[in-house]
Amino acid sequence: MNSKMWVDQFPIMMRNVIDACKKHHTKLVFFDNTYMYAQNETPLTEESEFAPVGQKGKVRAEITTMLLDEMAANNLEAVICRAPEFYGPGKTQSITNAIIFDNIKQGKKLKVFISDATLRTLIWTPDASKAMALIGNTPNAFNQTWHLPCDDNRLTYEQLIALSSKIYGKQFSYTVVPKITFKIGGVFKTQMKELQELLPRYKSDNIFVSTKFKNRFPDFSVTTYQEGIERIKNGQ
């Protein structure tokens with residue numbers, strides 16, 4: 001969560017990776033996120049325009065566009081695999097894991113950013129890994145962008161916590177953290193300042209559409225939220 005580091009280093013890293021792939025005639029499978037998309041309720045598909053908010057979103061748009069331009073010019077064989085916010089087992093690093101599942105594990109009160117009533121699209125981290133590997137080993141999937149598969153039964157954070165309470169057999173309470181808290185906290189804490197550009201995505205429904213992948217790979221089994229939370233509970 002260091003915007004300056006992203007801006008200073010990510011474009012250099014991407015250029016070096018692209019140049020290395022071109023030099024050695026190596027295929028590139030690029031794992032991307034959604035920071036470059038508009039942070040509103042409009043459903044997101046592979047054709048959605050980039051409308052980044054803040055430095056992190058802009059640099060993600062820059063490096064992805066860098067790769068798309070090379071792909072369009074047939075300078076290298078590449079594929080983009082894009083995923084929304086993670087949730088998952090083990091050391092999965094994501095906002096949802098940090099404010100919900102890690103706090104459950106540590107016996108702390110749960111937190112929700114901005115709103116508990118907007119729909120979230122989350123991807124189970126092992127699903128993201130397996131789907132990326134599948135795409136990377138499918139020759140005719142290259143030179144495209146793919147949204148990695150998610151459970152379409154999207155939940156609000158209120159519903160996600162209610163489902164977690166049912167699975168754990170314990171009623172979990174939570175606090176909704178308002179935007180003003182981040183503004184005040186950002187004066188004193190760098191992490192809270194860095195989070196502010198991501199907050200609009202929690203104000204609106206987040207509808208990440210992965211229909212293209214599901215149509216192309218119909219046998220891929222997408223982990224449901226019920227299954228995922230049960231695996232987190234069981235330490236799987």
# chains A, B, ... in the order shown; residues from 1 in each chain; ligands from 1
$ residues_around --residues "range 35-46 of chain A" --least-positions-apart "2" --cutoff "6 Å" --atoms "only C-alpha atoms" --output "list in words"
Asn33, Ser48, Phe50, Ala51, Pro52, Gly57, Arg60, Ala61, Pro200, Arg201, Ser204, Asp205, Asn206, Ile207, Phe208 and Val209 of chain A
$ select_by_dssp --residues "range 160-222 of chain A" --states "helix (DSSP H, G or I)" --output "ChimeraX atom specification"
/A:160-168,179-186,190-198,200-203,211-216
$ residues_around --residues "range 130-146 of chain A" --least-positions-apart "2" --cutoff "9 Å" --atoms "only C-alpha atoms" --output "PDB file with N, CA and C atoms, in the first residue's frame"
ATOM      1  N   LYS A  27       6.271 -16.673 -23.612  1.00  0.00           N
ATOM      2  CA  LYS A  27       4.889 -16.269 -23.376  1.00  0.00           C
ATOM      3  C   LYS A  27       4.775 -15.607 -22.001  1.00  0.00           C
ATOM      4  N   LEU A  28       3.812 -14.692 -21.892  1.00  0.00           N
ATOM      5  CA  LEU A  28       3.592 -13.992 -20.622  1.00  0.00           C
ATOM      6  C   LEU A  28       2.150 -14.176 -20.171  1.00  0.00           C
ATOM      7  N   VAL A  29       1.985 -14.653 -18.947  1.00  0.00           N
ATOM      8  CA  VAL A  29       0.673 -14.724 -18.311  1.00  0.00           C
ATOM      9  C   VAL A  29       0.676 -13.687 -17.194  1.00  0.00           C
ATOM     10  N   PHE A  30      -0.098 -12.632 -17.366  1.00  0.00           N
ATOM     11  CA  PHE A  30      -0.076 -11.499 -16.439  1.00  0.00           C
ATOM     12  C   PHE A  30      -1.299 -11.537 -15.531  1.00  0.00           C
ATOM     13  N   PHE A  31      -1.043 -11.609 -14.229  1.00  0.00           N
ATOM     14  CA  PHE A  31      -2.113 -11.603 -13.231  1.00  0.00           C
ATOM     15  C   PHE A  31      -2.415 -10.156 -12.852  1.00  0.00           C
ATOM     16  N   THR A  45     -16.885  -6.078 -17.147  1.00  0.00           N
ATOM     17  CA  THR A  45     -16.540  -7.170 -18.044  1.00  0.00           C
ATOM     18  C   THR A  45     -15.156  -6.901 -18.614  1.00  0.00           C
ATOM     19  N   GLU A  46     -14.681  -7.841 -19.420  1.00  0.00           N
ATOM     20  CA  GLU A  46     -13.370  -7.671 -20.047  1.00  0.00           C
ATOM     21  C   GLU A  46     -13.332  -6.466 -20.990  1.00  0.00           C
ATOM     22  N   GLU A  47     -14.497  -5.986 -21.412  1.00  0.00           N
ATOM     23  CA  GLU A  47     -14.569  -4.840 -22.328  1.00  0.00           C
ATOM     24  C   GLU A  47     -14.741  -3.513 -21.600  1.00  0.00           C
ATOM     25  N   LEU A  68      -1.139  -4.314 -23.216  1.00  0.00           N
ATOM     26  CA  LEU A  68      -2.155  -4.410 -24.272  1.00  0.00           C
ATOM     27  C   LEU A  68      -1.633  -3.854 -25.593  1.00  0.00           C
ATOM     28  N   MET A  71       0.638  -6.421 -27.095  1.00  0.00           N
ATOM     29  CA  MET A  71      -0.158  -7.533 -27.605  1.00  0.00           C
ATOM     30  C   MET A  71      -0.809  -7.150 -28.934  1.00  0.00           C
ATOM     31  N   ALA A  72      -1.359  -5.943 -29.011  1.00  0.00           N
ATOM     32  CA  ALA A  72      -2.026  -5.492 -30.231  1.00  0.00           C
ATOM     33  C   ALA A  72      -1.047  -5.387 -31.400  1.00  0.00           C
ATOM     34  N   ASN A  74       1.397  -7.361 -31.813  1.00  0.00           N
ATOM     35  CA  ASN A  74       1.933  -8.714 -32.025  1.00  0.00           C
ATOM     36  C   ASN A  74       3.423  -8.808 -31.701  1.00  0.00           C
ATOM     37  N   LEU A  76       4.540  -9.749 -28.684  1.00  0.00           N
ATOM     38  CA  LEU A  76       4.731 -10.906 -27.813  1.00  0.00           C
ATOM     39  C   LEU A  76       3.391 -11.605 -27.640  1.00  0.00           C
ATOM     40  N   GLU A  77       3.465 -12.870 -27.218  1.00  0.00           N
ATOM     41  CA  GLU A  77       2.260 -13.653 -26.962  1.00  0.00           C
ATOM     42  C   GLU A  77       1.969 -13.595 -25.472  1.00  0.00           C
ATOM     43  N   ALA A  78       0.839 -12.992 -25.141  1.00  0.00           N
ATOM     44  CA  ALA A  78       0.540 -12.782 -23.729  1.00  0.00           C
ATOM     45  C   ALA A  78      -0.956 -12.939 -23.482  1.00  0.00           C
ATOM     46  N   VAL A  79      -1.294 -13.077 -22.212  1.00  0.00           N
ATOM     47  CA  VAL A  79      -2.694 -13.152 -21.804  1.00  0.00           C
ATOM     48  C   VAL A  79      -2.810 -12.447 -20.455  1.00  0.00           C
ATOM     49  N   ILE A  80      -3.931 -11.755 -20.260  1.00  0.00           N
ATOM     50  CA  ILE A  80      -4.177 -11.044 -19.006  1.00  0.00           C
ATOM     51  C   ILE A  80      -5.272 -11.767 -18.238  1.00  0.00           C
ATOM     52  N   CYS A  81      -4.971 -12.125 -16.998  1.00  0.00           N
ATOM     53  CA  CYS A  81      -5.929 -12.773 -16.102  1.00  0.00           C
ATOM     54  C   CYS A  81      -6.255 -11.775 -14.987  1.00  0.00           C
ATOM     55  N   ARG A  82      -7.503 -11.358 -14.911  1.00  0.00           N
ATOM     56  CA  ARG A  82      -7.865 -10.286 -13.967  1.00  0.00           C
ATOM     57  C   ARG A  82      -8.778 -10.830 -12.875  1.00  0.00           C
ATOM     58  N   ALA A  83      -8.477 -10.418 -11.646  1.00  0.00           N
ATOM     59  CA  ALA A  83      -9.247 -10.887 -10.494  1.00  0.00           C
ATOM     60  C   ALA A  83      -9.695  -9.709  -9.636  1.00  0.00           C
ATOM     61  N   THR A 125      -8.940 -17.453  -3.457  1.00  0.00           N
ATOM     62  CA  THR A 125      -7.572 -17.407  -3.989  1.00  0.00           C
ATOM     63  C   THR A 125      -7.130 -18.688  -4.704  1.00  0.00           C
ATOM     64  N   PRO A 126      -7.427 -19.888  -4.185  1.00  0.00           N
ATOM     65  CA  PRO A 126      -7.043 -21.082  -4.953  1.00  0.00           C
ATOM     66  C   PRO A 126      -7.741 -21.167  -6.308  1.00  0.00           C
ATOM     67  N   ASP A 127      -8.985 -20.655  -6.405  1.00  0.00           N
ATOM     68  CA  ASP A 127      -9.665 -20.627  -7.699  1.00  0.00           C
ATOM     69  C   ASP A 127      -8.915 -19.728  -8.671  1.00  0.00           C
ATOM     70  N   ALA A 128      -8.464 -18.581  -8.176  1.00  0.00           N
ATOM     71  CA  ALA A 128      -7.721 -17.643  -9.029  1.00  0.00           C
ATOM     72  C   ALA A 128      -6.455 -18.293  -9.565  1.00  0.00           C
ATOM     73  N   LEU A 148     -11.234 -13.784 -14.116  1.00  0.00           N
ATOM     74  CA  LEU A 148     -11.158 -15.083 -13.445  1.00  0.00           C
ATOM     75  C   LEU A 148     -12.463 -15.384 -12.705  1.00  0.00           C
ATOM     76  N   PRO A 149     -12.789 -16.671 -12.521  1.00  0.00           N
ATOM     77  CA  PRO A 149     -14.135 -17.067 -12.090  1.00  0.00           C
ATOM     78  C   PRO A 149     -14.428 -16.807 -10.616  1.00  0.00           C
ATOM     79  N   SER A 210     -17.649 -12.798 -14.735  1.00  0.00           N
ATOM     80  CA  SER A 210     -16.684 -13.782 -15.236  1.00  0.00           C
ATOM     81  C   SER A 210     -17.346 -14.798 -16.167  1.00  0.00           C
ATOM     82  N   LYS A 212     -17.390 -14.965 -19.436  1.00  0.00           N
ATOM     83  CA  LYS A 212     -16.542 -15.400 -20.547  1.00  0.00           C
ATOM     84  C   LYS A 212     -15.747 -16.643 -20.168  1.00  0.00           C
ATOM     85  N   PHE A 213     -15.129 -16.623 -18.982  1.00  0.00           N
ATOM     86  CA  PHE A 213     -14.352 -17.777 -18.520  1.00  0.00           C
ATOM     87  C   PHE A 213     -15.255 -18.993 -18.338  1.00  0.00           C
ATOM     88  N   PHE A 217     -14.690 -22.474 -20.149  1.00  0.00           N
ATOM     89  CA  PHE A 217     -14.230 -23.604 -19.326  1.00  0.00           C
ATOM     90  C   PHE A 217     -15.377 -24.067 -18.420  1.00  0.00           C
ATOM     91  N   PHE A 220     -14.910 -26.070 -15.024  1.00  0.00           N
ATOM     92  CA  PHE A 220     -14.193 -25.499 -13.872  1.00  0.00           C
ATOM     93  C   PHE A 220     -15.168 -25.333 -12.704  1.00  0.00           C
TER      94      PHE A 220
END
$ closest_residue --among "A:Ser165, A:Gln159, A:Ser129, A:Asn215" --to "Gly88 in chain A" --atoms "only C-alpha atoms"
A:Ser129
$ closest_atom_pairs --of "range 26-128 of chain A" --to "range 2-15 of chain A" --cutoff "7 Å" --atoms "only C-alpha atoms" --output "CSV"
residue,atom,partner,partner_atom,distance
A:Gln55,CA,A:Ser3,CA,6.2
A:Lys56,CA,A:Ser3,CA,5.8
A:Val59,CA,A:Val7,CA,5.9
A:Ile63,CA,A:Pro11,CA,5.6
$ closest_residue --among "A:Trp124, A:Lys170, A:Lys179, A:Glu62" --to "Gln93 in chain A" --atoms "only C-alpha atoms"
A:Trp124
$ residues_around --residues "Ser115 in chain A" --least-positions-apart "5" --cutoff "8 Å" --atoms "only C-alpha atoms" --output "mmCIF file with N, CA and C atoms, in the first residue's frame"
data_model
loop_
_atom_site.group_PDB
_atom_site.id
_atom_site.type_symbol
_atom_site.label_atom_id
_atom_site.label_comp_id
_atom_site.auth_asym_id
_atom_site.auth_seq_id
_atom_site.Cartn_x
_atom_site.Cartn_y
_atom_site.Cartn_z
ATOM 1 N N TYR A 157 -21.563 -7.399 2.807
ATOM 2 C CA TYR A 157 -20.765 -7.763 3.983
ATOM 3 C C TYR A 157 -21.680 -8.206 5.130
ATOM 4 N N VAL A 176 -19.195 -0.729 11.176
ATOM 5 C CA VAL A 176 -19.026 -0.113 9.866
ATOM 6 C C VAL A 176 -18.150 1.131 10.049
ATOM 7 N N VAL A 177 -17.002 1.137 9.382
ATOM 8 C CA VAL A 177 -16.061 2.247 9.512
ATOM 9 C C VAL A 177 -16.387 3.296 8.446
ATOM 10 N N PRO A 178 -16.811 4.515 8.825
ATOM 11 C CA PRO A 178 -17.199 5.531 7.846
ATOM 12 C C PRO A 178 -15.989 6.209 7.201
ATOM 13 N N TYR A 202 -16.368 0.374 -2.111
ATOM 14 C CA TYR A 202 -17.180 -0.209 -1.040
ATOM 15 C C TYR A 202 -18.502 0.533 -0.863
ATOM 16 N N LYS A 203 -18.619 1.702 -1.507
ATOM 17 C CA LYS A 203 -19.843 2.493 -1.427
ATOM 18 C C LYS A 203 -20.904 1.968 -2.383
#
$ closest_residue --among "A:Asn75, A:Thr156, A:Ile123, A:Thr96" --to "His24 in chain A" --atoms "only C-alpha atoms"
A:Asn75
$ atom_distance --atom1 "CA of Ile104 in chain A" --atom2 "CA of Ser221 in chain A"
26.9 Å
$ select_by_dssp --residues "range 54-203 of chain A" --states "strand (DSSP E)" --output "ChimeraX atom specification"
/A:78-82,85-87,110-113,119-120,122-124,145-147,155-156,174-177
$ closest_residue --among "A:Thr223, A:Leu195, A:Lys22, A:Arg231" --to "Leu122 in chain A" --atoms "only C-alpha atoms"
A:Thr223
$ decode --residues "range 60-211 of chain A" --atoms "C-alpha atoms" --output "short mmCIF file (atom, residue, chain, number, x, y, z; two decimals), in the first residue's frame"
data_model
loop_
_atom_site.label_atom_id
_atom_site.label_comp_id
_atom_site.auth_asym_id
_atom_site.auth_seq_id
_atom_site.Cartn_x
_atom_site.Cartn_y
_atom_site.Cartn_z
CA ARG A 60 -2.31 -0.23 -12.85
CA ALA A 61 -4.01 1.21 -15.94
CA GLU A 62 -0.62 2.36 -17.24
CA ILE A 63 1.14 -0.98 -16.96
CA THR A 64 -1.83 -2.96 -18.29
CA THR A 65 -2.16 -0.60 -21.25
CA MET A 66 1.57 -1.02 -21.85
CA LEU A 67 1.03 -4.76 -22.20
CA LEU A 68 -2.16 -4.41 -24.27
CA ASP A 69 -0.31 -2.19 -26.75
CA GLU A 70 2.44 -4.80 -27.15
CA MET A 71 -0.16 -7.53 -27.61
CA ALA A 72 -2.03 -5.49 -30.23
CA ALA A 73 1.23 -4.96 -32.11
CA ASN A 74 1.93 -8.71 -32.03
CA ASN A 75 5.24 -8.07 -30.28
CA LEU A 76 4.73 -10.91 -27.81
CA GLU A 77 2.26 -13.65 -26.96
CA ALA A 78 0.54 -12.78 -23.73
CA VAL A 79 -2.69 -13.15 -21.80
CA ILE A 80 -4.18 -11.04 -19.01
CA CYS A 81 -5.93 -12.77 -16.10
CA ARG A 82 -7.86 -10.29 -13.97
CA ALA A 83 -9.25 -10.89 -10.49
CA PRO A 84 -11.30 -8.82 -8.05
CA GLU A 85 -10.63 -8.71 -4.31
CA PHE A 86 -9.42 -11.95 -2.73
CA TYR A 87 -10.68 -13.95 0.17
CA GLY A 88 -9.14 -17.26 1.09
CA PRO A 89 -7.21 -19.60 3.33
CA GLY A 90 -3.81 -19.36 4.97
CA LYS A 91 -1.92 -16.13 4.46
CA THR A 92 -4.26 -14.65 1.85
CA GLN A 93 -3.66 -10.90 1.88
CA SER A 94 -6.77 -8.84 1.19
CA ILE A 95 -8.93 -6.24 2.84
CA THR A 96 -11.75 -8.75 3.39
CA ASN A 97 -9.44 -11.26 5.03
CA ALA A 98 -7.88 -8.53 7.18
CA ILE A 99 -11.11 -7.00 8.46
CA ILE A 100 -13.23 -10.15 8.71
CA PHE A 101 -11.58 -13.56 8.64
CA ASP A 102 -8.30 -12.62 10.32
CA ASN A 103 -10.27 -10.86 13.06
CA ILE A 104 -12.45 -13.95 13.51
CA LYS A 105 -9.30 -16.02 13.93
CA GLN A 106 -7.86 -13.56 16.42
CA GLY A 107 -11.08 -13.13 18.37
CA LYS A 108 -11.38 -9.45 17.47
CA LYS A 109 -14.44 -7.46 16.49
CA LEU A 110 -15.08 -7.44 12.76
CA LYS A 111 -14.96 -4.29 10.66
CA VAL A 112 -16.61 -3.28 7.41
CA PHE A 113 -15.53 -0.34 5.28
CA ILE A 114 -18.09 2.34 4.33
CA SER A 115 -21.17 0.12 3.86
CA ASP A 116 -22.45 -3.33 4.85
CA ALA A 117 -25.28 -3.18 2.29
CA THR A 118 -23.43 -3.18 -1.05
CA LEU A 119 -22.81 -6.38 -2.98
CA ARG A 120 -19.21 -7.61 -3.14
CA THR A 121 -17.62 -9.88 -5.74
CA LEU A 122 -14.80 -11.83 -4.10
CA ILE A 123 -12.59 -14.51 -5.60
CA TRP A 124 -11.38 -17.56 -3.69
CA THR A 125 -7.57 -17.41 -3.99
CA PRO A 126 -7.04 -21.08 -4.95
CA ASP A 127 -9.67 -20.63 -7.70
CA ALA A 128 -7.72 -17.64 -9.03
CA SER A 129 -4.50 -19.65 -9.11
CA LYS A 130 -6.03 -22.69 -10.77
CA ALA A 131 -7.91 -20.62 -13.34
CA MET A 132 -4.77 -18.67 -14.23
CA ALA A 133 -2.84 -21.91 -14.70
CA LEU A 134 -5.64 -23.29 -16.88
CA ILE A 135 -5.64 -20.19 -19.09
CA GLY A 136 -1.85 -20.17 -19.29
CA ASN A 137 -1.88 -23.73 -20.56
CA THR A 138 -4.61 -23.11 -23.16
CA PRO A 139 -2.89 -21.85 -26.34
CA ASN A 140 -5.97 -20.29 -27.92
CA ALA A 141 -6.74 -18.32 -24.75
CA PHE A 142 -3.79 -16.01 -25.39
CA ASN A 143 -3.88 -12.44 -26.71
CA GLN A 144 -7.02 -11.79 -24.69
CA THR A 145 -8.14 -10.54 -21.29
CA TRP A 146 -9.98 -12.95 -19.00
CA HIS A 147 -11.93 -12.25 -15.83
CA LEU A 148 -11.16 -15.08 -13.44
CA PRO A 149 -14.14 -17.07 -12.09
CA CYS A 150 -16.11 -15.99 -9.03
CA ASP A 151 -19.27 -17.15 -7.28
CA ASP A 152 -22.09 -15.15 -8.90
CA ASN A 153 -24.17 -15.43 -5.72
CA ARG A 154 -22.73 -12.13 -4.53
CA LEU A 155 -23.19 -11.16 -0.89
CA THR A 156 -23.14 -7.92 1.04
CA TYR A 157 -20.77 -7.76 3.98
CA GLU A 158 -23.81 -8.05 6.25
CA GLN A 159 -24.76 -11.29 4.49
CA LEU A 160 -21.16 -12.53 4.42
CA ILE A 161 -20.82 -12.05 8.17
CA ALA A 162 -24.24 -13.65 8.78
CA LEU A 163 -23.16 -16.67 6.73
CA SER A 164 -19.85 -16.80 8.65
CA SER A 165 -21.77 -16.69 11.94
CA LYS A 166 -23.90 -19.63 10.82
CA ILE A 167 -20.87 -21.67 9.71
CA TYR A 168 -18.84 -20.93 12.85
CA GLY A 169 -21.85 -21.38 15.12
CA LYS A 170 -21.19 -18.03 16.75
CA GLN A 171 -22.83 -14.64 16.30
CA PHE A 172 -20.26 -12.15 15.07
CA SER A 173 -20.79 -8.44 15.58
CA TYR A 174 -19.14 -5.82 13.44
CA THR A 175 -18.54 -2.09 13.08
CA VAL A 176 -19.03 -0.11 9.87
CA VAL A 177 -16.06 2.25 9.51
CA PRO A 178 -17.20 5.53 7.85
CA LYS A 179 -15.19 7.56 5.35
CA ILE A 180 -14.52 10.36 7.84
CA THR A 181 -12.55 7.92 10.01
CA PHE A 182 -10.13 7.30 7.15
CA LYS A 183 -9.74 11.02 6.50
CA ILE A 184 -8.89 11.71 10.12
CA GLY A 185 -6.78 8.58 10.51
CA GLY A 186 -4.94 9.31 7.28
CA VAL A 187 -3.36 12.36 8.89
CA PHE A 188 -1.60 10.10 11.38
CA LYS A 189 -1.39 6.69 9.73
CA THR A 190 0.04 6.08 6.27
CA GLN A 191 -1.97 2.89 5.71
CA MET A 192 -5.29 4.65 6.32
CA LYS A 193 -4.25 7.40 3.91
CA GLU A 194 -3.32 4.80 1.27
CA LEU A 195 -6.69 3.07 1.61
CA GLN A 196 -8.73 6.18 0.83
CA GLU A 197 -8.58 5.88 -2.97
CA LEU A 198 -10.06 2.36 -2.73
CA LEU A 199 -13.05 3.37 -0.60
CA PRO A 200 -15.49 4.26 -3.43
CA ARG A 201 -15.61 0.58 -4.42
CA TYR A 202 -17.18 -0.21 -1.04
CA LYS A 203 -19.84 2.49 -1.43
CA SER A 204 -21.38 0.86 -4.53
CA ASP A 205 -22.20 -2.69 -5.60
CA ASN A 206 -19.15 -4.41 -7.06
CA ILE A 207 -20.32 -6.61 -9.95
CA PHE A 208 -17.35 -8.40 -11.50
CA VAL A 209 -18.56 -10.57 -14.39
CA SER A 210 -16.68 -13.78 -15.24
CA THR A 211 -19.14 -15.24 -17.77
#
